[in-house]
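Source file: my_file_32.tsv. Holds: TSV, C-alpha atoms.
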```tsv
chain	number	residue	atom	x	y	z
A	1	MET	CA	0.00	0.00	0.00
A	2	SER	CA	1.17	3.50	-0.88
A	3	ALA	CA	0.92	6.86	0.83
A	4	ILE	CA	1.33	10.41	-0.43
A	5	LEU	CA	2.81	13.22	1.65
A	6	THR	CA	2.11	16.87	0.84
A	7	LEU	CA	4.39	19.67	2.00
A	8	ASN	CA	3.77	23.41	2.02
A	9	ALA	CA	7.08	24.84	3.23
A	10	GLY	CA	7.38	28.46	4.34
A	11	SER	CA	10.09	30.43	6.07
A	12	SER	CA	9.06	29.48	9.61
A	13	SER	CA	6.61	26.62	9.16
A	14	ILE	CA	5.78	23.52	7.12
A	15	LYS	CA	2.19	22.40	6.67
A	16	PHE	CA	1.78	18.77	5.72
A	17	GLY	CA	-0.85	16.23	4.83
A	18	LEU	CA	-0.78	12.45	4.60
A	19	TYR	CA	-3.00	10.60	2.12
A	20	ALA	CA	-3.67	7.03	1.10
A	21	ALA	CA	-3.03	6.61	-2.60
A	22	ALA	CA	-6.36	5.95	-4.32
A	23	HIS	CA	-8.36	7.10	-7.33
A	24	ASP	CA	-9.02	10.23	-5.25
A	25	PRO	CA	-6.45	10.36	-2.41
A	26	GLU	CA	-7.97	9.72	1.02
A	27	PRO	CA	-6.81	11.91	3.94
A	28	LEU	CA	-5.09	10.07	6.79
A	29	ALA	CA	-3.61	12.92	8.84
A	30	ASP	CA	-2.49	16.52	8.65
A	31	GLY	CA	-0.50	18.94	10.72
A	32	GLN	CA	2.25	21.49	10.72
A	33	VAL	CA	5.64	22.31	12.13
A	34	GLU	CA	5.80	25.88	13.47
A	35	ASN	CA	8.55	28.18	14.72
A	36	LEU	CA	11.38	26.76	12.63
A	37	GLY	CA	14.56	27.95	14.26
A	38	ASP	CA	15.28	27.63	17.97
A	39	ALA	CA	12.02	26.19	19.33
A	40	ALA	CA	10.07	24.32	16.66
A	41	VAL	CA	6.79	22.60	17.56
A	42	MET	CA	4.92	19.96	15.58
A	43	GLU	CA	1.17	19.41	15.60
A	44	VAL	CA	-0.15	16.20	14.04
A	45	GLY	CA	-3.61	14.87	14.74
A	46	ASP	CA	-4.39	15.79	18.35
A	47	ALA	CA	-0.75	15.68	19.43
A	48	ARG	CA	1.57	18.64	19.99
A	49	LEU	CA	5.26	17.76	20.15
A	50	GLU	CA	8.28	19.91	21.04
A	51	ILE	CA	11.04	19.50	18.44
A	52	GLY	CA	13.52	22.12	19.59
A	53	PRO	CA	16.07	23.66	17.21
A	54	ALA	CA	15.04	22.77	13.65
A	55	ASP	CA	15.64	23.74	10.05
A	56	HIS	CA	13.63	22.39	7.11
A	57	GLY	CA	15.59	19.13	7.07
A	58	THR	CA	15.10	18.53	10.78
A	59	ALA	CA	11.42	19.40	10.44
A	60	VAL	CA	10.82	16.92	7.60
A	61	ALA	CA	12.58	14.21	9.63
A	62	ALA	CA	10.23	15.03	12.53
A	63	ILE	CA	7.24	14.89	10.18
A	64	LEU	CA	8.34	11.40	9.11
A	65	ARG	CA	8.29	10.32	12.75
A	66	GLY	CA	4.99	12.08	13.38
A	67	ILE	CA	3.12	10.42	10.51
A	68	SER	CA	4.42	6.91	11.26
A	69	PRO	CA	1.40	5.90	13.43
A	70	PHE	CA	-0.94	6.90	10.59
A	71	LEU	CA	0.83	4.97	7.84
A	72	GLU	CA	-0.52	1.56	8.96
A	73	GLY	CA	1.88	-0.36	6.77
A	74	ARG	CA	1.88	2.12	3.89
A	75	GLU	CA	5.05	3.53	2.41
A	76	VAL	CA	5.43	7.13	1.28
A	77	GLU	CA	5.98	6.73	-2.45
A	78	ALA	CA	5.21	10.28	-3.58
A	79	VAL	CA	5.73	13.72	-2.04
A	80	GLY	CA	3.84	16.69	-3.44
A	81	HIS	CA	5.15	20.22	-2.89
A	82	ARG	CA	3.54	23.63	-3.11
A	83	VAL	CA	5.88	25.86	-5.10
A	84	VAL	CA	4.74	29.44	-5.46
A	85	HIS	CA	6.29	30.33	-8.81
A	86	GLY	CA	6.46	28.29	-11.98
A	87	GLY	CA	7.27	31.21	-14.27
A	88	THR	CA	6.21	30.87	-17.89
A	89	THR	CA	7.64	27.36	-18.16
A	90	PHE	CA	5.56	25.26	-15.78
A	91	ALA	CA	1.84	25.25	-16.59
A	92	ALA	CA	1.09	21.97	-14.80
A	93	PRO	CA	2.49	19.87	-11.94
A	94	VAL	CA	5.90	18.43	-12.76
A	95	ARG	CA	8.05	15.62	-11.44
A	96	LEU	CA	11.20	17.05	-9.92
A	97	HIS	CA	14.70	16.05	-10.97
A	98	ASP	CA	17.88	18.09	-10.76
A	99	ASP	CA	17.12	20.00	-13.99
A	100	GLU	CA	13.65	21.06	-12.86
A	101	ILE	CA	14.94	22.15	-9.47
A	102	ALA	CA	17.64	24.24	-11.16
A	103	GLN	CA	14.96	25.94	-13.29
A	104	LEU	CA	12.92	26.70	-10.17
A	105	GLU	CA	15.95	28.11	-8.40
A	106	ALA	CA	16.38	30.50	-11.34
A	107	LEU	CA	12.90	31.86	-10.55
A	108	ILE	CA	13.82	32.87	-6.99
A	109	PRO	CA	14.14	36.58	-8.00
A	110	LEU	CA	10.44	36.49	-8.99
A	111	ALA	CA	9.36	35.19	-5.55
A	112	PRO	CA	12.26	35.87	-3.18
A	113	LEU	CA	10.20	35.51	0.03
A	114	HIS	CA	8.55	32.20	-0.91
A	115	GLN	CA	10.50	30.22	-3.51
A	116	PRO	CA	13.66	29.58	-1.45
A	117	HIS	CA	11.64	28.04	1.39
A	118	ASN	CA	9.55	25.94	-0.99
A	119	LEU	CA	12.75	24.56	-2.48
A	120	ALA	CA	14.27	23.98	0.96
A	121	GLY	CA	11.29	21.70	1.60
A	122	VAL	CA	11.97	19.88	-1.67
A	123	ARG	CA	15.61	19.29	-0.79
A	124	ALA	CA	14.70	18.05	2.69
A	125	ALA	CA	12.07	15.67	1.28
A	126	ARG	CA	14.47	14.25	-1.31
A	127	GLU	CA	16.85	13.42	1.49
A	128	ALA	CA	14.19	11.96	3.77
A	129	PHE	CA	12.41	10.02	1.00
A	130	PRO	CA	15.13	9.23	-1.57
A	131	ASP	CA	13.03	6.65	-3.42
A	132	ALA	CA	9.80	8.67	-3.52
A	133	ILE	CA	8.54	10.60	-6.54
A	134	GLN	CA	8.81	14.35	-5.87
A	135	VAL	CA	6.16	16.51	-7.56
A	136	ALA	CA	5.90	20.30	-7.65
A	137	CYS	CA	2.53	22.07	-7.88
A	138	PHE	CA	2.54	25.76	-8.74
A	139	ASP	CA	0.43	28.66	-7.50
A	140	THR	CA	0.95	30.36	-10.86
A	141	ALA	CA	0.02	27.43	-13.12
A	142	PHE	CA	-3.77	27.81	-12.91
A	143	HIS	CA	-3.47	31.31	-14.40
A	144	GLN	CA	-1.40	30.33	-17.44
A	145	GLY	CA	-3.06	31.23	-20.72
A	146	HIS	CA	-4.61	34.55	-19.72
A	147	PRO	CA	-5.41	36.93	-22.58
A	148	PHE	CA	-2.59	39.36	-23.31
A	149	VAL	CA	-4.61	42.25	-21.86
A	150	ASP	CA	-4.72	40.44	-18.51
A	151	ASP	CA	-1.10	39.33	-18.67
A	152	ALA	CA	0.86	42.41	-19.68
A	153	PHE	CA	1.84	45.70	-18.09
A	154	ALA	CA	1.96	48.85	-20.24
A	155	LEU	CA	5.75	48.85	-20.21
A	156	PRO	CA	8.10	48.49	-23.19
A	157	ARG	CA	7.43	45.09	-24.77
A	158	ARG	CA	10.91	43.78	-24.00
A	159	TYR	CA	10.04	43.59	-20.30
A	160	TYR	CA	7.06	41.34	-21.04
A	161	ASP	CA	9.33	39.11	-23.11
A	162	GLU	CA	11.77	39.00	-20.17
A	163	GLY	CA	9.02	37.71	-17.87
A	164	ILE	CA	7.73	40.88	-16.23
A	165	ARG	CA	4.04	40.12	-16.51
A	166	ARG	CA	0.97	39.28	-14.42
A	167	TYR	CA	1.36	35.70	-13.18
A	168	GLY	CA	-1.43	35.48	-10.59
A	169	PHE	CA	-1.26	33.37	-7.42
A	170	HIS	CA	-3.39	31.23	-5.08
A	171	GLY	CA	-3.79	28.93	-8.08
A	172	LEU	CA	-3.99	25.74	-6.02
A	173	SER	CA	-6.96	27.14	-4.12
A	174	TYR	CA	-8.69	28.24	-7.31
A	175	ASP	CA	-8.01	24.85	-8.89
A	176	TYR	CA	-9.77	23.16	-5.96
A	177	ILE	CA	-12.77	25.50	-6.11
A	178	ALA	CA	-13.07	24.88	-9.85
A	179	SER	CA	-13.12	21.11	-9.18
A	180	CYS	CA	-15.91	21.59	-6.61
A	181	LEU	CA	-17.95	23.64	-9.06
A	182	ARG	CA	-17.47	21.04	-11.77
A	183	ALA	CA	-18.66	18.27	-9.45
A	184	ASP	CA	-21.47	20.03	-7.57
A	185	HIS	CA	-22.55	22.97	-9.75
A	186	PRO	CA	-21.77	22.02	-13.38
A	187	ALA	CA	-23.88	24.81	-14.88
A	188	LEU	CA	-22.01	27.42	-12.81
A	189	TYR	CA	-18.70	25.80	-13.68
A	190	GLU	CA	-19.39	26.49	-17.35
A	191	GLY	CA	-20.39	30.07	-16.61
A	192	ARG	CA	-18.81	33.28	-15.36
A	193	VAL	CA	-17.67	32.97	-11.75
A	194	ILE	CA	-15.65	35.20	-9.44
A	195	VAL	CA	-13.87	33.46	-6.57
A	196	ALA	CA	-12.71	35.56	-3.60
A	197	HIS	CA	-9.88	33.81	-1.73
A	198	LEU	CA	-9.75	35.91	1.42
A	199	GLY	CA	-7.24	35.11	4.13
A	200	ASN	CA	-4.14	36.81	5.48
A	201	GLY	CA	-3.17	36.80	1.82
A	202	ALA	CA	-6.09	37.70	-0.41
A	203	SER	CA	-6.91	37.68	-4.10
A	204	LEU	CA	-9.80	37.27	-6.50
A	205	CYS	CA	-9.98	35.18	-9.64
A	206	ALA	CA	-12.39	35.53	-12.56
A	207	MET	CA	-13.20	32.19	-14.19
A	208	LYS	CA	-15.05	31.30	-17.35
A	209	GLY	CA	-15.70	27.64	-18.09
A	210	GLY	CA	-13.60	26.67	-15.08
A	211	GLN	CA	-10.53	28.47	-16.46
A	212	SER	CA	-8.82	31.52	-14.99
A	213	VAL	CA	-9.15	34.60	-17.17
A	214	SER	CA	-8.00	37.19	-14.63
A	215	CYS	CA	-6.42	37.37	-11.16
A	216	SER	CA	-6.16	40.39	-8.90
A	217	MET	CA	-2.59	39.44	-7.96
A	218	GLY	CA	-0.07	40.13	-10.68
A	219	PHE	CA	3.71	40.04	-10.93
A	220	SER	CA	3.95	39.43	-7.20
A	221	ALA	CA	1.74	38.53	-4.26
A	222	LEU	CA	1.58	42.23	-3.33
A	223	ASP	CA	-0.88	43.38	-5.97
A	224	GLY	CA	-4.67	43.49	-6.00
A	225	VAL	CA	-6.86	43.83	-2.91
A	226	PRO	CA	-5.48	44.80	0.53
A	227	MET	CA	-4.37	41.92	2.76
A	228	GLY	CA	-3.32	41.28	6.32
A	229	THR	CA	0.09	42.91	6.01
A	230	ARG	CA	0.35	43.67	2.26
A	231	PRO	CA	-1.08	46.81	0.62
A	232	GLY	CA	-2.64	45.48	-2.56
A	233	GLN	CA	-2.88	47.90	-5.47
A	234	LEU	CA	-0.44	50.76	-5.00
A	235	ASP	CA	0.54	53.70	-7.19
A	236	PRO	CA	4.16	53.01	-8.23
A	237	GLY	CA	4.77	56.72	-7.77
A	238	VAL	CA	4.57	56.12	-4.03
A	239	LEU	CA	7.54	53.77	-4.29
A	240	LEU	CA	9.49	56.25	-6.40
A	241	HIS	CA	8.82	58.89	-3.77
A	242	LEU	CA	10.01	56.62	-0.94
A	243	MET	CA	13.12	55.69	-2.91
A	244	GLY	CA	13.81	59.38	-3.41
A	245	GLN	CA	13.68	59.81	0.36
A	246	GLY	CA	16.37	57.16	0.71
A	247	MET	CA	14.36	54.02	1.42
A	248	GLY	CA	16.32	50.95	0.29
A	249	VAL	CA	15.13	47.62	-1.08
A	250	ASP	CA	15.23	45.78	2.26
A	251	GLU	CA	13.31	48.50	4.09
A	252	MET	CA	10.77	48.74	1.28
A	253	THR	CA	10.32	44.96	1.23
A	254	ARG	CA	9.62	44.95	4.96
A	255	LEU	CA	7.12	47.81	4.53
A	256	LEU	CA	5.22	46.14	1.68
A	257	TYR	CA	5.18	42.56	2.91
A	258	HIS	CA	5.02	42.93	6.69
A	259	GLU	CA	3.84	46.39	7.77
A	260	SER	CA	1.05	47.39	5.39
A	261	GLY	CA	-2.50	46.19	4.67
A	262	LEU	CA	-4.88	45.85	7.61
A	263	LYS	CA	-2.00	45.99	10.07
A	264	GLY	CA	-0.67	49.24	8.67
A	265	LEU	CA	-4.05	50.92	8.21
A	266	SER	CA	-5.30	50.06	11.68
A	267	GLY	CA	-2.01	50.50	13.50
A	268	LEU	CA	-3.17	47.54	15.60
A	269	THR	CA	-3.05	44.12	14.00
A	270	HIS	CA	-3.63	42.12	10.84
A	271	ASP	CA	-5.95	39.70	12.66
A	272	MET	CA	-9.46	40.01	11.24
A	273	ARG	CA	-11.17	38.74	14.41
A	274	THR	CA	-9.44	41.32	16.58
A	275	LEU	CA	-10.31	44.14	14.18
A	276	LEU	CA	-13.96	43.11	14.04
A	277	ALA	CA	-14.13	43.10	17.84
A	278	SER	CA	-12.36	46.45	18.22
A	279	ASP	CA	-14.11	49.78	18.86
A	280	ALA	CA	-11.09	51.75	17.65
A	281	PRO	CA	-11.91	54.09	14.74
A	282	GLN	CA	-8.72	52.96	12.96
A	283	ALA	CA	-9.98	49.37	13.01
A	284	ARG	CA	-13.29	50.45	11.50
A	285	GLN	CA	-11.51	52.44	8.78
A	286	ALA	CA	-9.21	49.54	7.95
A	287	LEU	CA	-12.18	47.19	7.52
A	288	GLU	CA	-14.07	49.74	5.42
A	289	TYR	CA	-11.03	50.09	3.17
A	290	TYR	CA	-10.66	46.31	2.89
A	291	THR	CA	-14.29	45.55	2.05
A	292	TYR	CA	-14.59	48.50	-0.34
A	293	HIS	CA	-11.62	47.37	-2.40
A	294	VAL	CA	-12.78	43.76	-2.54
A	295	ARG	CA	-16.21	44.99	-3.64
A	296	ARG	CA	-14.64	47.22	-6.29
A	297	GLN	CA	-12.56	44.30	-7.58
A	298	ILE	CA	-15.71	42.18	-7.93
A	299	GLY	CA	-17.31	44.92	-10.01
A	300	ALA	CA	-14.23	45.25	-12.22
A	301	MET	CA	-14.01	41.51	-12.80
A	302	ALA	CA	-17.72	41.27	-13.59
A	303	ALA	CA	-17.15	43.91	-16.27
A	304	GLY	CA	-14.21	41.96	-17.65
A	305	LEU	CA	-16.28	38.77	-17.76
A	306	GLY	CA	-19.17	40.53	-19.49
A	307	GLY	CA	-21.50	39.61	-16.65
A	308	LEU	CA	-21.63	37.32	-13.66
A	309	ASP	CA	-23.25	33.99	-12.88
A	310	ALA	CA	-21.96	33.31	-9.35
A	311	LEU	CA	-19.68	34.54	-6.57
A	312	VAL	CA	-17.72	32.18	-4.32
A	313	PHE	CA	-16.07	33.01	-1.00
A	314	THR	CA	-13.19	30.85	0.24
A	315	GLY	CA	-10.06	31.12	2.42
A	316	GLY	CA	-9.95	31.64	6.18
A	317	VAL	CA	-11.73	35.01	6.15
A	318	GLY	CA	-14.00	34.16	3.24
A	319	GLU	CA	-15.16	30.95	4.93
A	320	HIS	CA	-15.53	32.17	8.52
A	321	ALA	CA	-16.08	35.95	8.68
A	322	ALA	CA	-19.82	36.46	8.11
A	323	GLN	CA	-19.58	40.20	8.82
A	324	ILE	CA	-16.93	40.65	6.15
A	325	ARG	CA	-18.99	38.76	3.56
A	326	ALA	CA	-22.00	40.93	4.40
A	327	ARG	CA	-20.02	44.17	4.13
A	328	ILE	CA	-18.53	43.15	0.78
A	329	LEU	CA	-21.95	42.29	-0.69
A	330	ASP	CA	-23.57	45.48	0.58
A	331	GLY	CA	-24.00	47.61	-2.55
A	332	LEU	CA	-23.62	44.83	-5.13
A	333	GLU	CA	-27.35	44.37	-5.65
A	334	PHE	CA	-26.99	45.92	-9.11
A	335	LEU	CA	-25.09	42.76	-10.11
A	336	GLY	CA	-27.87	40.54	-8.77
A	337	LEU	CA	-25.93	39.76	-5.60
A	338	SER	CA	-27.82	39.90	-2.32
A	339	LEU	CA	-27.46	38.17	1.00
A	340	SER	CA	-29.58	35.92	3.18
A	341	GLU	CA	-28.63	37.21	6.62
A	342	ASP	CA	-29.70	33.98	8.31
A	343	ALA	CA	-27.79	31.71	5.92
A	344	ASN	CA	-24.73	33.95	6.13
A	345	ALA	CA	-24.76	33.94	9.94
A	346	ARG	CA	-24.97	30.12	9.89
A	347	HIS	CA	-22.04	29.94	7.46
A	348	ALA	CA	-24.24	27.95	5.07
A	349	ARG	CA	-22.82	26.84	1.74
A	350	LYS	CA	-25.43	28.94	-0.09
A	351	ILE	CA	-25.87	32.42	1.39
A	352	HIS	CA	-27.71	34.32	-1.36
A	353	ALA	CA	-31.21	35.73	-1.32
A	354	GLY	CA	-31.21	37.11	-4.85
A	355	PRO	CA	-31.06	35.60	-8.33
A	356	LEU	CA	-27.28	35.00	-8.47
A	357	PRO	CA	-25.73	32.25	-6.35
A	358	VAL	CA	-23.34	33.33	-3.61
A	359	LEU	CA	-21.51	30.27	-2.28
A	360	VAL	CA	-19.10	29.57	0.56
A	361	ILE	CA	-16.78	26.69	-0.36
A	362	PRO	CA	-13.92	25.67	1.97
A	363	THR	CA	-10.72	25.36	0.00
A	364	ASP	CA	-8.28	22.44	0.19
A	365	GLU	CA	-4.96	23.17	-1.49
A	366	GLU	CA	-3.40	20.03	-0.01
A	367	GLN	CA	-5.96	17.86	-1.80
A	368	VAL	CA	-4.95	19.44	-5.11
A	369	ILE	CA	-1.30	18.66	-4.39
A	370	ALA	CA	-2.14	15.09	-3.35
A	371	ARG	CA	-4.13	14.52	-6.54
A	372	ALA	CA	-1.25	15.76	-8.67
A	373	ALA	CA	1.28	13.57	-6.85
A	374	ASN	CA	-1.10	10.64	-7.11
A	375	GLY	CA	-1.33	11.16	-10.86
A	376	TRP	CA	2.44	11.04	-11.23
A	377	LEU	CA	2.60	7.96	-9.01
A	378	ARG	CA	0.05	6.11	-11.17
A	379	ARG	CA	1.93	7.18	-14.31
A	380	HIS	CA	5.17	5.83	-12.82
A	381	ARG	CA	3.57	2.43	-12.24
A	382	MET	CA	2.22	2.08	-15.78
```
If you took the structure in this file and wrote it as structure tokens, what would it be?
Amino acid sequence: MSAILTLNAGSSSIKFGLYAAAHDPEPLADGQVENLGDAAVMEVGDARLEIGPADHGTAVAAILRGISPFLEGREVEAVGHRVVHGGTTFAAPVRLHDDEIAQLEALIPLAPLHQPHNLAGVRAAREAFPDAIQVACFDTAFHQGHPFVDDAFALPRRYYDEGIRRYGFHGLSYDYIASCLRADHPALYEGRVIVAHLGNGASLCAMKGGQSVSCSMGFSALDGVPMGTRPGQLDPGVLLHLMGQGMGVDEMTRLLYHESGLKGLSGLTHDMRTLLASDAPQARQALEYYTYHVRRQIGAMAAGLGGLDALVFTGGVGEHAAQIRARILDGLEFLGLSLSEDANARHARKIHAGPLPVLVIPTDEEQVIARAANGWLRRHRM
């Protein structure tokens, strides 16, 4: 019997999932290692284990020990990895050998805060599971094939040819939502759907026939709607101004990735629950800014699609923050979007009161990775 391990490696944590290899992989366990560095901790099932000092290699070795009770005689024969950036080359999951890893390392300048940690997880998994198939799944792949008008910036054409273009992200989440629509709402799947993936990172994707035609995130994971600590859409003149005042790349990176968004606007926190519970006027303003810009993005994408057949909320905020969903939908009645307050408060899967469906669908990026790894495993056996 075979098992599939999924890894989502970040700078300070690794999320993982264990699956039984099957036609559709069956979940066996999941967990994460947090606080990589001096005092790492692993959660798997109901257990919480102190690891101590740990890098990615140490963490993957601990994960191997942690999943052992759940294997029940199975052997990990495939490991699937979330890799943020696939550039223009990788439009689908790929089996990793030295050449593919070298190509992904060359893309580090396009995702400097994510790609190195993703690849550290790959290297650790190759060492821990030397005989397993290693498969990379890309956040950018779902958005390959956008029309030129949704791909390019109005810069000299040579920059587009050099890879400075709108890649889009959160593709694994959007891939999963598309699969749910295909299975449970086939008519909507064929239509014009906007999916709002709202979490600490946030983006929206316009789909037609289950395919991405536009994403609010662009060249990087900074663009689009405001997020927990990232600003979203920003006039590049602001950056020129800050550079003119002497702000360097490192300081600007810290500002844009870690100090902006809800955290920067409120001056308090990026945590949505804390902001919703706060009476501070800055918290109220931050939430008004957030919901306004998500609402505006929905309107823009509906125009790009030539109409709208459904709206889907997903991600931690999209799935659990009823007040945020209500605030976003307030004012979108002209698109046919209106809310059932009771269904929304109950976090029902269908929360609309008007003619257009408004759905809440929990995302499962790990399942997408497991399916891709499972596909490569079955191919290997043929």
Please list as an mmCIF file with C-alpha atoms, in the frame of the given file every residue within 10 Å of Ala59 of chain A, counting all atoms listed in the file and excluding residues in the same chain fewer than 2 positions away.
```
data_model
loop_
_atom_site.group_PDB
_atom_site.id
_atom_site.type_symbol
_atom_site.label_atom_id
_atom_site.label_comp_id
_atom_site.auth_asym_id
_atom_site.auth_seq_id
_atom_site.Cartn_x
_atom_site.Cartn_y
_atom_site.Cartn_z
ATOM 1 C CA SER A 13 6.610 26.620 9.160
ATOM 2 C CA ILE A 14 5.780 23.520 7.120
ATOM 3 C CA GLN A 32 2.250 21.490 10.720
ATOM 4 C CA VAL A 33 5.640 22.310 12.130
ATOM 5 C CA GLU A 34 5.800 25.880 13.470
ATOM 6 C CA LEU A 36 11.380 26.760 12.630
ATOM 7 C CA GLY A 37 14.560 27.950 14.260
ATOM 8 C CA ALA A 40 10.070 24.320 16.660
ATOM 9 C CA VAL A 41 6.790 22.600 17.560
ATOM 10 C CA MET A 42 4.920 19.960 15.580
ATOM 11 C CA ILE A 51 11.040 19.500 18.440
ATOM 12 C CA GLY A 52 13.520 22.120 19.590
ATOM 13 C CA PRO A 53 16.070 23.660 17.210
ATOM 14 C CA ALA A 54 15.040 22.770 13.650
ATOM 15 C CA ASP A 55 15.640 23.740 10.050
ATOM 16 C CA HIS A 56 13.630 22.390 7.110
ATOM 17 C CA GLY A 57 15.590 19.130 7.070
ATOM 18 C CA ALA A 61 12.580 14.210 9.630
ATOM 19 C CA ALA A 62 10.230 15.030 12.530
ATOM 20 C CA ILE A 63 7.240 14.890 10.180
ATOM 21 C CA LEU A 64 8.340 11.400 9.110
ATOM 22 C CA ARG A 65 8.290 10.320 12.750
ATOM 23 C CA GLY A 121 11.290 21.700 1.600
ATOM 24 C CA ALA A 124 14.700 18.050 2.690
ATOM 25 C CA ALA A 125 12.070 15.670 1.280
#
```
- [ ] For Leu119 of chain A, list every protein, DNA or RNA residue within 10 Å, evaluated using only C-alpha atoms, and leave out those in the same chain fewer than 6 positions away; present the list as a PyMOL selection string.
- [x] chain A and resi 9-10+56+81-84+101-102+104-105+108+125+136
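Compared by their closest atoms to Glu259 of chain A, and using all atoms listed in the file, the residues A:Gly228, A:Gly191, A:Gly201, A:Pro362 rank with A:Gly228 nearest.
Taking only C-alpha atoms, the non-local environment of Ala280 of chain A within 12 Å (same-chain residues fewer than 3 positions away omitted) comprises Leu265, Ser266, Gly267, Leu268, Thr269, Thr274, Leu275, Leu276, Ala277, Ala283, Arg284, Gln285, Ala286 and Leu287 of chain A.
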Open item on the list: Need the shell around Leu311 of chain A: protein/DNA/RNA residues with any atom at most 6 Å away, counting only C-alpha atoms. Skip same-chain ones fewer than 2 positions apart. Format as a VMD selection string?
Closed with: chain A and resid 193 to 195 358
Might you pull out every residue within 7 Å of Asp30 of chain A, with only C-alpha atoms counted and same-chain residues fewer than 4 positions away left off, and present them as a compact mmCIF listing (two decimals) with C-alpha atoms, keeping the file's coordinate frame?
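New file out-v3.txt:
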```
# COMPACT_ATOMS: atom_id res chain seq x y z
CA PHE A 16 1.78 18.77 5.72
CA GLY A 17 -0.85 16.23 4.83
CA LEU A 18 -0.78 12.45 4.60
CA VAL A 44 -0.15 16.20 14.04
CA GLY A 45 -3.61 14.87 14.74
```
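Using all atoms listed in the file, the shortest contact distance between Ile177 of chain A and any of A:Ala196, A:Ile164, A:Ala302, A:Ala321 is found at A:Ala196.
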Open item on the list: With distances taken over only C-alpha atoms, which residue among A:Ala178, A:Val135, A:Leu339, A:Val76 lies nearest Gln211 of chain A?
Closed with: A:Ala178
Task: Selected residue, from A:Ala78, A:Ala348, A:Cys137, A:Val60, that lies nearest to Val94 of chain A when counting all atoms listed in the file - done: A:Cys137
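When all atoms listed in the file are used to compute distances to Pro109 of chain A, the closest of the residues A:Arg123, A:Arg165, A:His85, A:His380 turns out to be A:His85.
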Open item on the list: Under the rule that all atoms listed in the file are counted, which of A:Ala91, A:Ala47, A:Leu239, A:Ala152 is the nearest residue to Gly218 of chain A?
Closed with: A:Ala152
Open item on the list: Using Å and a single decimal, report how far atom CA of Ala22 of chain A sits from atom CA of Ser2 of chain A.
Closed with: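 According to the coordinates, atom CA of Ser2 of chain A and atom CA of Ala22 of chain A are separated by 8.6 Å.
The space separating atom CA of Gly163 of chain A from atom CA of Asp175 of chain A comes to 23.2 Å.
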